[in-house]
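Source file: final_0.txt. Holds: compact mmCIF, C-alpha atoms.
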```
# COMPACT_ATOMS: atom_id res chain seq x y z
CA MET A 1 -28.89 -8.14 -29.93
CA TYR A 2 -30.91 -11.38 -29.96
CA ALA A 3 -29.46 -12.31 -33.35
CA VAL A 4 -26.03 -12.55 -31.78
CA ILE A 5 -27.29 -14.90 -29.08
CA GLU A 6 -29.42 -16.95 -31.45
CA TYR A 7 -26.62 -17.37 -33.95
CA ALA A 8 -23.84 -17.73 -31.36
CA PRO A 9 -23.00 -21.32 -32.44
CA LEU A 10 -22.40 -20.11 -36.01
CA LEU A 11 -20.20 -17.28 -34.78
CA LEU A 12 -18.27 -19.73 -32.59
CA GLN A 13 -17.67 -21.98 -35.60
CA GLY A 14 -16.40 -18.94 -37.48
CA LEU A 15 -14.19 -17.98 -34.56
CA TRP A 16 -12.72 -21.48 -34.52
CA THR A 17 -11.97 -21.28 -38.25
CA THR A 18 -10.33 -17.89 -37.75
CA ILE A 19 -8.15 -19.32 -34.97
CA LEU A 20 -7.22 -22.37 -37.08
CA VAL A 21 -6.33 -20.22 -40.10
CA THR A 22 -4.22 -18.00 -37.82
CA ILE A 23 -2.36 -20.99 -36.36
CA PHE A 24 -1.74 -22.72 -39.70
CA SER A 25 -0.64 -19.61 -41.55
CA GLY A 26 1.32 -18.43 -38.52
CA ALA A 27 3.30 -21.68 -38.57
CA LEU A 28 3.86 -21.39 -42.33
CA CYS A 29 4.85 -17.75 -41.82
CA LEU A 30 7.57 -18.73 -39.31
CA VAL A 31 9.00 -21.44 -41.58
CA VAL A 32 9.01 -19.10 -44.58
CA ALA A 33 10.50 -16.29 -42.48
CA PHE A 34 13.49 -18.32 -41.38
CA ALA A 35 13.99 -20.03 -44.75
CA ALA A 36 13.84 -16.80 -46.79
CA GLY A 37 15.53 -14.65 -44.14
CA LEU A 38 18.52 -17.00 -43.84
CA ALA A 39 18.70 -17.53 -47.60
CA ARG A 40 18.82 -13.75 -47.99
CA LEU A 41 21.97 -13.71 -45.81
CA SER A 42 23.58 -16.64 -47.60
CA THR A 43 26.94 -16.24 -49.31
CA HIS A 44 25.57 -18.16 -52.31
CA ARG A 45 24.02 -16.04 -55.03
CA TYR A 46 21.66 -18.89 -56.01
CA LEU A 47 20.05 -18.75 -52.60
CA ARG A 48 20.24 -15.01 -52.01
CA TRP A 49 18.66 -13.80 -55.24
CA PRO A 50 15.56 -16.03 -55.37
CA ALA A 51 14.92 -15.23 -51.71
CA GLY A 52 15.24 -11.53 -52.50
CA VAL A 53 12.83 -11.77 -55.42
CA PHE A 54 10.35 -13.77 -53.32
CA ILE A 55 10.44 -11.22 -50.50
CA GLU A 56 10.05 -8.20 -52.78
CA VAL A 57 7.22 -9.73 -54.83
CA PHE A 58 5.20 -10.80 -51.80
CA ARG A 59 5.79 -7.54 -49.95
CA GLY A 60 5.24 -5.43 -53.04
CA THR A 61 1.81 -6.74 -54.04
CA SER A 62 -1.43 -6.81 -52.11
CA LEU A 63 -2.27 -9.79 -49.91
CA LEU A 64 -5.75 -9.87 -51.41
CA VAL A 65 -4.34 -10.04 -54.95
CA GLN A 66 -2.11 -12.93 -53.90
CA MET A 67 -5.02 -14.77 -52.29
CA PHE A 68 -7.19 -14.34 -55.37
CA TRP A 69 -4.30 -15.36 -57.57
CA PHE A 70 -3.86 -18.61 -55.65
CA PHE A 71 -7.59 -19.22 -55.71
CA PHE A 72 -8.58 -18.12 -59.22
CA ALA A 73 -5.43 -18.08 -61.36
CA LEU A 74 -3.68 -21.28 -60.26
CA PRO A 75 -6.47 -23.47 -61.70
CA PHE A 76 -5.33 -22.30 -65.15
CA PHE A 77 -2.11 -24.20 -64.47
CA GLY A 78 -4.15 -27.25 -63.47
CA ILE A 79 -3.69 -26.67 -59.75
CA GLN A 80 -7.03 -26.44 -57.96
CA LEU A 81 -6.63 -25.51 -54.30
CA PHE A 82 -9.26 -25.70 -51.59
CA PRO A 83 -10.28 -22.21 -50.47
CA LEU A 84 -8.72 -22.87 -47.06
CA THR A 85 -5.43 -24.02 -48.62
CA ALA A 86 -5.24 -21.00 -50.92
CA ALA A 87 -6.00 -18.69 -48.00
CA VAL A 88 -3.43 -20.22 -45.65
CA LEU A 89 -0.81 -20.31 -48.41
CA ALA A 90 -1.32 -16.65 -49.33
CA LEU A 91 -1.37 -15.49 -45.70
CA GLY A 92 1.66 -17.55 -44.72
CA LEU A 93 3.75 -16.52 -47.71
CA ASN A 94 2.77 -12.85 -47.51
CA GLU A 95 3.36 -12.38 -43.78
CA GLY A 96 6.36 -14.72 -44.07
CA ALA A 97 7.96 -12.29 -46.53
CA TYR A 98 7.55 -9.48 -43.99
CA ALA A 99 8.86 -11.68 -41.18
CA ALA A 100 11.82 -12.75 -43.34
CA GLU A 101 13.01 -9.15 -43.31
CA VAL A 102 12.70 -9.22 -39.51
CA VAL A 103 14.85 -12.37 -39.36
CA ARG A 104 17.39 -10.91 -41.75
CA GLY A 105 17.57 -7.60 -39.89
CA ALA A 106 17.90 -9.22 -36.46
CA ILE A 107 20.66 -11.58 -37.57
CA ALA A 108 22.52 -8.97 -39.60
CA SER A 109 22.61 -6.63 -36.61
CA ARG A 110 24.19 -9.20 -34.24
CA ALA A 111 27.54 -8.19 -32.81
CA LYS A 112 30.31 -9.35 -35.13
CA GLY A 113 32.43 -10.59 -32.23
CA GLN A 114 30.03 -13.49 -31.69
CA THR A 115 30.61 -14.85 -35.19
CA GLU A 116 34.33 -14.30 -34.85
CA ALA A 117 34.43 -16.11 -31.51
CA CYS A 118 32.57 -19.05 -33.08
CA ILE A 119 35.07 -19.20 -35.92
CA ALA A 120 37.92 -19.04 -33.41
CA LEU A 121 36.36 -22.00 -31.59
CA GLY A 122 36.22 -23.89 -34.88
CA MET A 123 32.42 -24.13 -35.09
CA GLU A 124 30.88 -25.10 -38.45
CA PRO A 125 28.66 -22.43 -40.05
CA ALA A 126 25.49 -24.49 -39.43
CA LEU A 127 26.37 -25.11 -35.78
CA ARG A 128 27.28 -21.44 -35.37
CA LEU A 129 23.90 -20.39 -36.66
CA ARG A 130 21.95 -22.95 -34.67
CA ARG A 131 23.65 -22.63 -31.30
CA VAL A 132 24.81 -19.03 -31.17
CA ILE A 133 23.54 -16.62 -33.79
CA ILE A 134 19.85 -17.57 -33.98
CA PRO A 135 19.31 -17.97 -30.20
CA GLN A 136 20.92 -14.58 -29.66
CA SER A 137 18.78 -12.94 -32.32
CA ILE A 138 15.45 -14.20 -30.99
CA PRO A 139 14.90 -11.46 -28.37
CA ALA A 140 15.38 -8.84 -31.08
CA MET A 141 12.95 -10.66 -33.40
CA LEU A 142 10.13 -11.12 -30.90
CA PRO A 143 8.58 -7.61 -30.81
CA PRO A 144 8.39 -7.24 -34.61
CA PHE A 145 7.22 -10.87 -34.89
CA GLY A 146 4.42 -9.97 -32.51
CA ASN A 147 3.38 -7.16 -34.84
CA VAL A 148 3.45 -9.51 -37.84
CA MET A 149 1.28 -12.03 -36.00
CA VAL A 150 -1.29 -9.40 -35.05
CA ASP A 151 -1.32 -8.29 -38.69
CA LEU A 152 -1.76 -11.88 -39.75
CA LEU A 153 -4.67 -12.34 -37.36
CA LYS A 154 -6.39 -9.23 -38.69
CA ASN A 155 -5.72 -10.26 -42.28
CA THR A 156 -7.41 -13.62 -41.72
CA SER A 157 -10.63 -11.64 -42.20
CA LEU A 158 -9.73 -11.49 -45.92
CA VAL A 159 -10.14 -15.26 -46.24
CA SER A 160 -13.90 -14.65 -46.09
CA LEU A 161 -13.56 -13.16 -49.59
CA VAL A 162 -12.39 -16.52 -50.98
CA THR A 163 -15.35 -18.25 -49.29
CA VAL A 164 -13.60 -19.62 -46.20
CA ALA A 165 -16.24 -19.61 -43.45
CA ASP A 166 -14.32 -17.59 -40.85
CA LEU A 167 -15.69 -15.10 -38.32
CA THR A 168 -16.18 -12.33 -40.88
CA PHE A 169 -17.85 -14.71 -43.34
CA ARG A 170 -20.29 -15.95 -40.68
CA ALA A 171 -21.02 -12.38 -39.64
CA GLN A 172 -21.90 -11.46 -43.24
CA MET A 173 -24.11 -14.54 -43.44
CA ILE A 174 -25.98 -13.71 -40.24
CA ARG A 175 -26.25 -10.09 -41.32
CA SER A 176 -27.96 -10.99 -44.57
CA THR A 177 -30.42 -13.38 -42.89
CA THR A 178 -31.34 -11.25 -39.84
CA GLY A 179 -30.51 -7.72 -40.95
CA GLN A 180 -29.16 -6.96 -37.47
CA THR A 181 -26.08 -5.30 -38.85
CA THR A 182 -24.97 -3.20 -35.89
CA ALA A 183 -25.07 -5.92 -33.22
CA ILE A 184 -23.30 -8.50 -35.39
CA PHE A 185 -20.51 -6.28 -36.61
CA LEU A 186 -19.86 -4.69 -33.22
CA THR A 187 -19.66 -8.18 -31.71
CA ILE A 188 -17.06 -9.42 -34.17
CA LEU A 189 -15.09 -6.17 -33.90
CA VAL A 190 -14.83 -6.79 -30.15
CA ILE A 191 -13.92 -10.46 -30.73
CA TYR A 192 -11.11 -9.51 -33.12
CA PHE A 193 -9.92 -6.89 -30.67
CA ILE A 194 -9.79 -9.42 -27.83
CA LEU A 195 -7.94 -11.92 -30.03
CA SER A 196 -5.29 -9.42 -31.05
CA TYR A 197 -4.99 -8.26 -27.45
CA LEU A 198 -4.37 -11.87 -26.39
CA LEU A 199 -1.69 -12.16 -29.07
CA THR A 200 0.01 -9.02 -27.72
CA LEU A 201 -0.04 -10.52 -24.22
CA LEU A 202 1.50 -13.74 -25.55
CA THR A 203 4.24 -11.79 -27.31
CA SER A 204 5.14 -9.76 -24.25
CA TRP A 205 5.22 -12.97 -22.16
CA LEU A 206 7.59 -14.53 -24.70
CA GLU A 207 9.68 -11.37 -24.69
CA ARG A 208 10.11 -11.66 -20.92
CA ARG A 209 10.76 -15.40 -21.17
CA PHE A 210 13.46 -15.01 -23.83
CA ALA A 211 15.02 -11.77 -22.62
CA LEU A 212 18.82 -11.98 -22.81
CA ASP A 213 19.18 -10.20 -19.51
CA ARG A 214 16.77 -12.09 -17.30
CA LYS A 215 18.70 -11.28 -14.15
CA ALA A 216 18.04 -7.59 -14.65
CA LEU A 217 14.35 -8.34 -15.20
CA VAL A 218 14.14 -10.40 -12.02
CA ALA A 219 15.81 -7.57 -10.13
CA GLN A 220 13.34 -5.12 -11.62
CA ARG A 221 10.39 -7.29 -10.65
CA LYS A 222 11.70 -7.50 -7.09
CA GLU A 223 12.00 -3.74 -7.00
CA ASN A 224 8.44 -3.34 -8.29
CA ARG A 225 7.23 -5.67 -5.55
CA LEU A 226 9.06 -3.59 -2.96
CA ILE A 227 7.45 -0.43 -4.29
CA LYS A 228 4.03 -2.08 -4.06
CA VAL A 229 4.71 -3.19 -0.48
CA GLY A 230 5.78 0.36 0.31
CA VAL A 231 2.46 1.66 -1.02
CA ASP A 232 0.50 -0.85 1.06
CA ALA A 233 2.35 0.14 4.20
CA MET B 1 -1.55 -21.67 -74.40
CA ILE B 2 -2.22 -20.64 -70.80
CA TRP B 3 -1.38 -16.94 -71.11
CA ASP B 4 -3.30 -15.05 -73.79
CA ASN B 5 -1.28 -12.02 -74.80
CA HIS B 6 -4.00 -10.48 -76.91
CA PHE B 7 -6.52 -10.66 -74.07
CA ALA B 8 -3.95 -9.35 -71.60
CA ILE B 9 -3.33 -6.23 -73.70
CA SER B 10 -7.07 -5.66 -74.20
CA VAL B 11 -7.74 -5.48 -70.44
CA ILE B 12 -4.94 -3.05 -69.62
CA PRO B 13 -7.02 0.16 -70.09
CA LEU B 14 -9.65 -1.08 -67.62
CA LEU B 15 -6.96 -2.02 -65.12
CA LEU B 16 -5.30 1.37 -65.46
CA GLN B 17 -8.65 3.02 -64.68
CA GLY B 18 -8.79 0.89 -61.55
CA LEU B 19 -5.22 1.79 -60.69
CA TRP B 20 -6.11 5.45 -60.90
CA VAL B 21 -8.94 4.98 -58.38
CA THR B 22 -6.51 3.10 -56.13
CA ILE B 23 -4.08 6.02 -56.30
CA GLU B 24 -6.86 8.54 -55.60
CA ILE B 25 -8.01 6.55 -52.58
CA THR B 26 -4.45 6.24 -51.32
CA LEU B 27 -3.76 9.96 -51.58
CA LEU B 28 -7.07 10.95 -50.01
CA GLY B 29 -6.68 8.30 -47.29
CA THR B 30 -3.13 9.42 -46.53
CA LEU B 31 -4.27 13.01 -46.22
CA ILE B 32 -6.99 12.00 -43.73
CA ALA B 33 -4.61 9.71 -41.85
CA ALA B 34 -1.82 12.29 -41.66
CA VAL B 35 -4.11 15.00 -40.27
CA LEU B 36 -6.14 12.77 -37.96
CA GLY B 37 -3.03 10.96 -36.71
CA LEU B 38 -1.45 14.26 -35.77
CA VAL B 39 -4.61 15.33 -33.94
CA PHE B 40 -4.69 12.02 -32.04
CA ALA B 41 -1.01 12.23 -31.12
CA VAL B 42 -1.28 15.81 -29.86
CA LEU B 43 -4.50 15.07 -27.94
CA ARG B 44 -2.82 12.16 -26.20
CA ARG B 45 0.21 14.23 -25.35
CA LEU B 46 -1.91 17.06 -23.90
CA ALA B 47 -3.23 14.63 -21.24
CA ILE B 48 -6.77 16.04 -21.07
CA PRO B 49 -8.41 13.78 -18.45
CA VAL B 50 -11.15 11.81 -20.22
CA LEU B 51 -10.48 12.79 -23.83
CA SER B 52 -6.86 11.62 -23.92
CA HIS B 53 -7.77 8.21 -22.51
CA LEU B 54 -10.58 7.92 -25.01
CA VAL B 55 -8.23 8.74 -27.87
CA ALA B 56 -5.63 6.28 -26.57
CA PHE B 57 -8.27 3.52 -26.45
CA LEU B 58 -9.58 4.40 -29.89
CA VAL B 59 -6.08 4.14 -31.35
CA VAL B 60 -5.50 0.72 -29.75
CA PHE B 61 -8.94 -0.50 -30.80
CA VAL B 62 -8.57 0.55 -34.42
CA ARG B 63 -5.14 -1.09 -34.56
CA GLY B 64 -6.53 -4.30 -33.07
CA THR B 65 -9.36 -4.85 -35.54
CA PRO B 66 -9.29 -5.80 -39.24
CA LEU B 67 -9.63 -3.15 -41.93
CA LEU B 68 -12.16 -5.32 -43.77
CA VAL B 69 -14.50 -5.49 -40.78
CA GLN B 70 -14.11 -1.76 -40.19
CA ALA B 71 -15.03 -1.17 -43.83
CA TYR B 72 -18.11 -3.42 -43.52
CA CYS B 73 -19.14 -1.52 -40.38
CA ALA B 74 -18.93 1.83 -42.13
CA PHE B 75 -20.62 0.52 -45.26
CA PHE B 76 -23.47 -1.49 -43.71
CA VAL B 77 -23.97 -0.08 -40.21
CA LEU B 78 -23.82 3.68 -40.75
CA PRO B 79 -26.56 3.81 -43.44
CA ALA B 80 -28.91 2.22 -40.89
CA TYR B 81 -28.54 5.45 -38.91
CA GLY B 82 -29.10 7.65 -41.92
CA ILE B 83 -25.44 8.37 -42.62
CA SER B 84 -24.52 7.17 -46.06
CA PHE B 85 -21.86 8.09 -48.57
CA ASP B 86 -20.82 6.50 -51.84
CA ALA B 87 -18.42 3.58 -51.66
CA PHE B 88 -15.41 5.67 -52.70
CA THR B 89 -15.83 8.23 -49.90
CA THR B 90 -16.59 5.56 -47.32
CA GLY B 91 -13.52 3.60 -48.40
CA ALA B 92 -11.18 6.58 -48.27
CA VAL B 93 -12.48 7.65 -44.85
CA VAL B 94 -12.27 4.12 -43.40
CA ILE B 95 -8.74 3.49 -44.63
CA GLY B 96 -7.80 7.00 -43.51
CA ILE B 97 -9.07 6.40 -39.97
CA ASN B 98 -7.47 2.96 -39.91
CA TYR B 99 -4.05 4.35 -40.79
CA SER B 100 -4.43 7.42 -38.59
CA ALA B 101 -4.13 5.02 -35.63
CA TYR B 102 -0.76 3.85 -36.94
CA MET B 103 0.37 7.34 -37.84
CA ALA B 104 -0.57 8.58 -34.36
CA GLU B 105 2.09 6.23 -33.00
CA VAL B 106 4.63 7.51 -35.52
CA TYR B 107 3.90 11.12 -34.57
CA ARG B 108 4.06 10.19 -30.90
CA SER B 109 7.55 8.74 -31.27
CA GLY B 110 8.57 11.84 -33.21
CA ILE B 111 7.21 14.15 -30.50
CA GLN B 112 8.91 12.07 -27.81
CA GLY B 113 12.16 12.37 -29.72
CA VAL B 114 12.22 16.16 -29.30
CA PRO B 115 14.68 16.83 -26.44
CA ALA B 116 13.18 18.00 -23.14
CA GLY B 117 15.38 21.11 -23.33
CA GLN B 118 13.24 22.38 -26.21
CA TRP B 119 10.12 22.25 -24.05
CA GLU B 120 11.95 23.91 -21.19
CA ALA B 121 13.29 26.65 -23.44
CA ALA B 122 9.78 27.30 -24.75
CA THR B 123 8.51 27.54 -21.19
CA ALA B 124 11.40 29.81 -20.20
CA LEU B 125 10.52 32.15 -23.07
CA SER B 126 6.89 31.86 -21.94
CA LEU B 127 5.73 31.01 -25.43
CA PRO B 128 2.02 30.27 -25.62
CA GLY B 129 1.08 26.61 -26.13
CA VAL B 130 0.02 27.03 -29.73
CA ARG B 131 3.34 28.57 -30.70
CA THR B 132 5.34 26.04 -28.70
CA TRP B 133 3.64 23.26 -30.68
CA GLY B 134 3.48 25.03 -34.01
CA ARG B 135 6.92 26.63 -34.16
CA ILE B 136 9.15 24.56 -31.85
CA ILE B 137 7.99 21.00 -31.28
CA LEU B 138 6.17 19.90 -34.43
CA PRO B 139 8.73 21.16 -36.98
CA GLN B 140 11.41 19.12 -35.21
CA ALA B 141 9.16 16.11 -34.63
CA LEU B 142 7.90 15.95 -38.23
CA ARG B 143 11.37 15.86 -39.72
CA THR B 144 12.01 12.32 -38.50
CA VAL B 145 8.43 11.28 -39.14
CA VAL B 146 8.21 12.00 -42.87
CA PRO B 147 9.88 8.82 -44.20
CA MET B 148 7.85 6.61 -41.85
CA LEU B 149 4.67 8.24 -43.13
CA GLY B 150 5.91 7.34 -46.60
CA ASN B 151 6.13 3.69 -45.59
CA TYR B 152 2.51 3.79 -44.46
CA LEU B 153 1.50 5.43 -47.72
CA ILE B 154 2.90 2.44 -49.63
CA GLN B 155 1.26 0.04 -47.19
CA MET B 156 -2.05 1.83 -47.69
CA PHE B 157 -1.67 1.63 -51.47
CA LYS B 158 -1.55 -2.17 -51.19
CA ASP B 159 -4.18 -2.40 -48.44
CA SER B 160 -6.70 -0.38 -50.44
CA ALA B 161 -7.39 -3.60 -52.40
CA VAL B 162 -9.47 -4.66 -49.38
CA LEU B 163 -11.94 -1.91 -50.23
CA SER B 164 -13.00 -3.86 -53.33
CA ALA B 165 -15.12 -5.82 -50.84
CA ILE B 166 -17.33 -2.75 -50.28
CA THR B 167 -17.71 -2.23 -54.06
CA VAL B 168 -15.06 0.44 -54.54
CA VAL B 169 -13.99 -0.11 -58.14
CA GLU B 170 -10.24 0.09 -57.67
CA LEU B 171 -7.53 -2.03 -59.28
CA MET B 172 -8.42 -5.27 -57.49
CA ALA B 173 -12.14 -4.92 -58.17
CA ALA B 174 -11.43 -4.12 -61.82
CA ALA B 175 -9.30 -7.25 -62.17
CA GLN B 176 -12.01 -9.32 -60.49
CA ALA B 177 -14.75 -7.88 -62.68
CA ILE B 178 -12.77 -8.66 -65.83
CA GLY B 179 -12.13 -12.15 -64.51
CA SER B 180 -15.74 -12.97 -63.77
CA ALA B 181 -16.97 -11.46 -67.04
CA SER B 182 -14.55 -13.39 -69.27
CA PHE B 183 -13.86 -16.44 -67.07
CA ARG B 184 -10.17 -15.70 -67.46
CA TYR B 185 -8.62 -14.76 -64.14
CA LEU B 186 -4.96 -15.43 -64.87
CA GLU B 187 -4.21 -12.35 -67.00
CA PRO B 188 -6.09 -9.64 -65.06
CA LEU B 189 -4.92 -10.89 -61.65
CA THR B 190 -1.30 -11.25 -62.75
CA LEU B 191 -1.35 -7.82 -64.36
CA ALA B 192 -2.94 -6.30 -61.25
CA ALA B 193 -0.18 -7.84 -59.12
CA GLY B 194 2.39 -6.51 -61.59
CA LEU B 195 0.92 -3.00 -61.42
CA PHE B 196 0.96 -3.04 -57.61
CA LEU B 197 4.58 -4.17 -57.67
CA ALA B 198 5.58 -1.68 -60.37
CA ILE B 199 4.52 1.20 -58.15
CA SER B 200 5.22 -0.01 -54.63
CA TYR B 201 8.71 -1.39 -55.24
CA PRO B 202 10.31 1.79 -56.66
CA ALA B 203 8.37 3.84 -54.11
CA SER B 204 9.72 1.84 -51.20
CA ARG B 205 13.27 2.16 -52.57
CA LEU B 206 12.75 5.91 -52.71
CA ILE B 207 11.42 5.99 -49.13
CA ASN B 208 14.45 3.98 -47.98
CA ARG B 209 16.71 6.63 -49.42
CA LEU B 210 14.69 9.42 -47.80
CA GLU B 211 14.88 7.54 -44.53
CA ARG B 212 18.66 7.51 -44.64
CA ARG B 213 18.74 11.17 -45.58
CA TYR B 214 16.34 12.35 -42.86
CA ALA B 215 17.69 10.02 -40.17
CA PRO B 216 18.20 11.94 -36.92
CA GLN B 217 21.81 12.99 -36.65
CA HIS B 218 23.15 11.69 -33.36
```

Let me see whether you can do it: turn the structure in this file into structure tokens.
Amino acid sequence: MYAVIEYAPLLLQGLWTTILVTIFSGALCLVVAFAAGLARLSTHRYLRWPAGVFIEVFRGTSLLVQMFWFFFALPFFGIQLFPLTAAVLALGLNEGAYAAEVVRGAIASRAKGQTEACIALGMEPALRLRRVIIPQSIPAMLPPFGNVMVDLLKNTSLVSLVTVADLTFRAQMIRSTTGQTTAIFLTILVIYFILSYLLTLLTSWLERRFALDRKALVAQRKENRLIKVGVDA
Amino acid sequence: MIWDNHFAISVIPLLLQGLWVTIEITLLGTLIAAVLGLVFAVLRRLAIPVLSHLVAFLVVFVRGTPLLVQAYCAFFVLPAYGISFDAFTTGAVVIGINYSAYMAEVYRSGIQGVPAGQWEAATALSLPGVRTWGRIILPQALRTVVPMLGNYLIQMFKDSAVLSAITVVELMAAAQAIGSASFRYLEPLTLAAGLFLAISYPASRLINRLERRYAPQH
């Protein structure tokens, strides 16, 4: 166990890198998700088809292959990326392709009457999307987005394979210097578990915050409180 | 010329060998995951005091930690306690256990989807537990579960590339080995991606069709 304590600063650095990679690629993932998801729903073929090809290619091949491709194959085209850039790019695009399907599904399953009402009110397509359709779709997107983000967090461990010094990379380093395999790996397993648990908490908080029917939730909370009071009495 | 056609063709046999290992791992892993997932789901449903909680925690824990770290644990930690297998077996077992946690949830939703009346009828006929599960509940639960298991099979096919990190020589590792031996990464990596796509895309279309066909009729 002493190896974990002795090398705690290194692990903390790794943890910080893991968190940074998660935040950067998470942000990229959201941008890609909305861009590709909306393009997929576009009435223009020139937007819909490339978005479709992008989504199928990135969902159909392995994340690790994509990461290695960005890191090892792009230099042949004269583009040399930093390991961190390649890792964030691959993670963001890969999980973004999954999230794009979430965006597309949530928007496509909106009630038609909303769009029709917008048209009746003479709203432009862009305004319609921005003020009505997307805000209404967000509650439906949040739970699957949460899953994508947890996946993304777990997949950040793959960046260690393209030499980004994240938590897993540091753990491997400490393992090969100290040989205390069990303690190190159990520690980082628990750290990853806590991180993904925190992400789940964040998602469920957002779900409550953005619920369409907040009145019903408030009522339910009040009821729960009453039940608790009843138990105390 | 960036892309060397001659070289690309020459590496295909090696890549296909890797692809075959990937497929073997996927099938073996799916088998483990399907069986173990069912065991987990049933154990949770049976509500045996300590055991069911333990299983529930195990499922959440496995789902909350990265496959790569789990693979490292099995590959580096277990041999320290005298348990060691070859990389292929370790990889298949790890990915099987990893996916069993996801499949347990799928089975659980399938079991929950069986109407309460079926349980009550089984009780009314005083069927023993084993027969209630084996002849009444599971056949109905599994029907809706099959296409979702298919989705996880495809996911596992792609995820098995992670196992190259513990020296399983599957498609990804083959591509990497060719790359580092010849200093040409473009062709093997692109071909590997193409092979992954060539299998997973038609497969997921097929699963989609199955999904529509086996959708619960409400």

Exercise for the section: Kindly determine which residues of chain B lie within 7 Å of chain A, considering all atoms listed in the file, and give the answer as number ranges by chain. Expected result: B: 2, 61, 64-66, 68-69, 73, 76-77, 158-159, 161-162, 172, 185-186, 189, 193, 196-197, 200-201

Practice task
For a cut-off of 6 Å around (-7.4, 6.5, -30.0), file coordinates, pick out all residues using only C-alpha atoms and list them as number ranges by chain.
Solution key: B: 55-59

Selected residues written out with C-alpha atoms, as a PDB file, keeping the file's coordinate frame:
```pdb
ATOM      1  CA  VAL B  55      -8.230   8.740 -27.870  1.00  0.00           C
ATOM      2  CA  ALA B  56      -5.630   6.280 -26.570  1.00  0.00           C
ATOM      3  CA  PHE B  57      -8.270   3.520 -26.450  1.00  0.00           C
ATOM      4  CA  LEU B  58      -9.580   4.400 -29.890  1.00  0.00           C
ATOM      5  CA  VAL B  59      -6.080   4.140 -31.350  1.00  0.00           C
TER       6      VAL B  59
END
```

Problem - Residue nearest B:Ile207 - candidates B:Pro79, B:Gly134, B:Gly29, B:Pro147, atoms counted: all atoms listed in the file - result: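 Counting all atoms listed in the file, the residue closest to B:Ile207 is B:Pro147.
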
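Separating atom CA of A:Leu20 from atom CA of A:Thr163 is a distance of 15.2 Å.
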
Practice task
Rounded to one decimal place, report the atom CA of B:Glu24-atom CA of B:Leu142 distance in Å.
Solution key: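 One can read the atom CA of B:Glu24 to atom CA of B:Leu142 distance as 24.0 Å.
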
Handout entry: For A:Leu198, the nearest of the candidates A:Leu89, A:Ala3, A:Leu212, A:Gly146, counting only C-alpha atoms
Key =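 Of the candidates, the smallest distance to A:Leu198 is held by A:Gly146.
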
Handout entry: Using only C-alpha atoms: which of B:Ala122, B:Leu149, B:Ile154, B:Leu19 has the shortest distance to B:Val169
Key = B:Leu19

Practice task
Rounded to one decimal place, report the atom CA of B:Thr26-atom CA of B:Phe157 distance in Å.
Solution key: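 That distance, rounded to one decimal, is 5.4 Å.
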
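Look at A:Glu101: the protein and nucleic acid residues within 8 Å of it, using all atoms listed in the file and passing over chain neighbours fewer than 3 places away, are Ala33, Gly37, Ile55, Ala97, Tyr98, Arg104 and Gly105 of chain A.
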
Exercise for the section: Find the spatial neighbours of A:Val31, counting all atoms listed in the file, within a cut-off of 10 Å - ignore same-chain residues fewer than 6 positions away - and output them as a ChimeraX atom specification. Expected result: /A:25,37,92-93,96,99-100

Exercise for the section: Kindly indicate which residue among A:Phe54, A:Phe145, A:Phe82, A:Phe34 lies nearest to A:Glu207, using all atoms listed in the file for the distances. Expected result: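 Smallest separation from A:Glu207 among the options: A:Phe145.
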
Do you know which residues are at most 10 Å from stretch 97-107 of chain B counting only C-alpha atoms, after dropping those on the same chain fewer than 6 positions away, and could you put them as a short mmCIF file (atom, residue, chain, number, x, y, z; two decimals) with C-alpha atoms, in the coordinates of the input?
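Writing the result to result21.cif gives the following:
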```
data_model
loop_
_atom_site.label_atom_id
_atom_site.label_comp_id
_atom_site.auth_asym_id
_atom_site.auth_seq_id
_atom_site.Cartn_x
_atom_site.Cartn_y
_atom_site.Cartn_z
CA GLY B 29 -6.68 8.30 -47.29
CA THR B 30 -3.13 9.42 -46.53
CA LEU B 31 -4.27 13.01 -46.22
CA ILE B 32 -6.99 12.00 -43.73
CA ALA B 33 -4.61 9.71 -41.85
CA ALA B 34 -1.82 12.29 -41.66
CA VAL B 35 -4.11 15.00 -40.27
CA LEU B 36 -6.14 12.77 -37.96
CA GLY B 37 -3.03 10.96 -36.71
CA LEU B 38 -1.45 14.26 -35.77
CA VAL B 39 -4.61 15.33 -33.94
CA PHE B 40 -4.69 12.02 -32.04
CA ALA B 41 -1.01 12.23 -31.12
CA VAL B 42 -1.28 15.81 -29.86
CA LEU B 43 -4.50 15.07 -27.94
CA ARG B 44 -2.82 12.16 -26.20
CA VAL B 55 -8.23 8.74 -27.87
CA ALA B 56 -5.63 6.28 -26.57
CA LEU B 58 -9.58 4.40 -29.89
CA VAL B 59 -6.08 4.14 -31.35
CA VAL B 60 -5.50 0.72 -29.75
CA PHE B 61 -8.94 -0.50 -30.80
CA VAL B 62 -8.57 0.55 -34.42
CA ARG B 63 -5.14 -1.09 -34.56
CA GLY B 64 -6.53 -4.30 -33.07
CA THR B 65 -9.36 -4.85 -35.54
CA PRO B 66 -9.29 -5.80 -39.24
CA LEU B 67 -9.63 -3.15 -41.93
CA GLN B 70 -14.11 -1.76 -40.19
CA ALA B 71 -15.03 -1.17 -43.83
CA GLY B 91 -13.52 3.60 -48.40
CA GLY B 113 12.16 12.37 -29.72
CA LEU B 138 6.17 19.90 -34.43
CA ALA B 141 9.16 16.11 -34.63
CA LEU B 142 7.90 15.95 -38.23
CA THR B 144 12.01 12.32 -38.50
CA VAL B 145 8.43 11.28 -39.14
CA VAL B 146 8.21 12.00 -42.87
CA MET B 148 7.85 6.61 -41.85
CA LEU B 149 4.67 8.24 -43.13
CA TYR B 152 2.51 3.79 -44.46
CA LEU B 153 1.50 5.43 -47.72
CA GLN B 155 1.26 0.04 -47.19
CA MET B 156 -2.05 1.83 -47.69
#
```
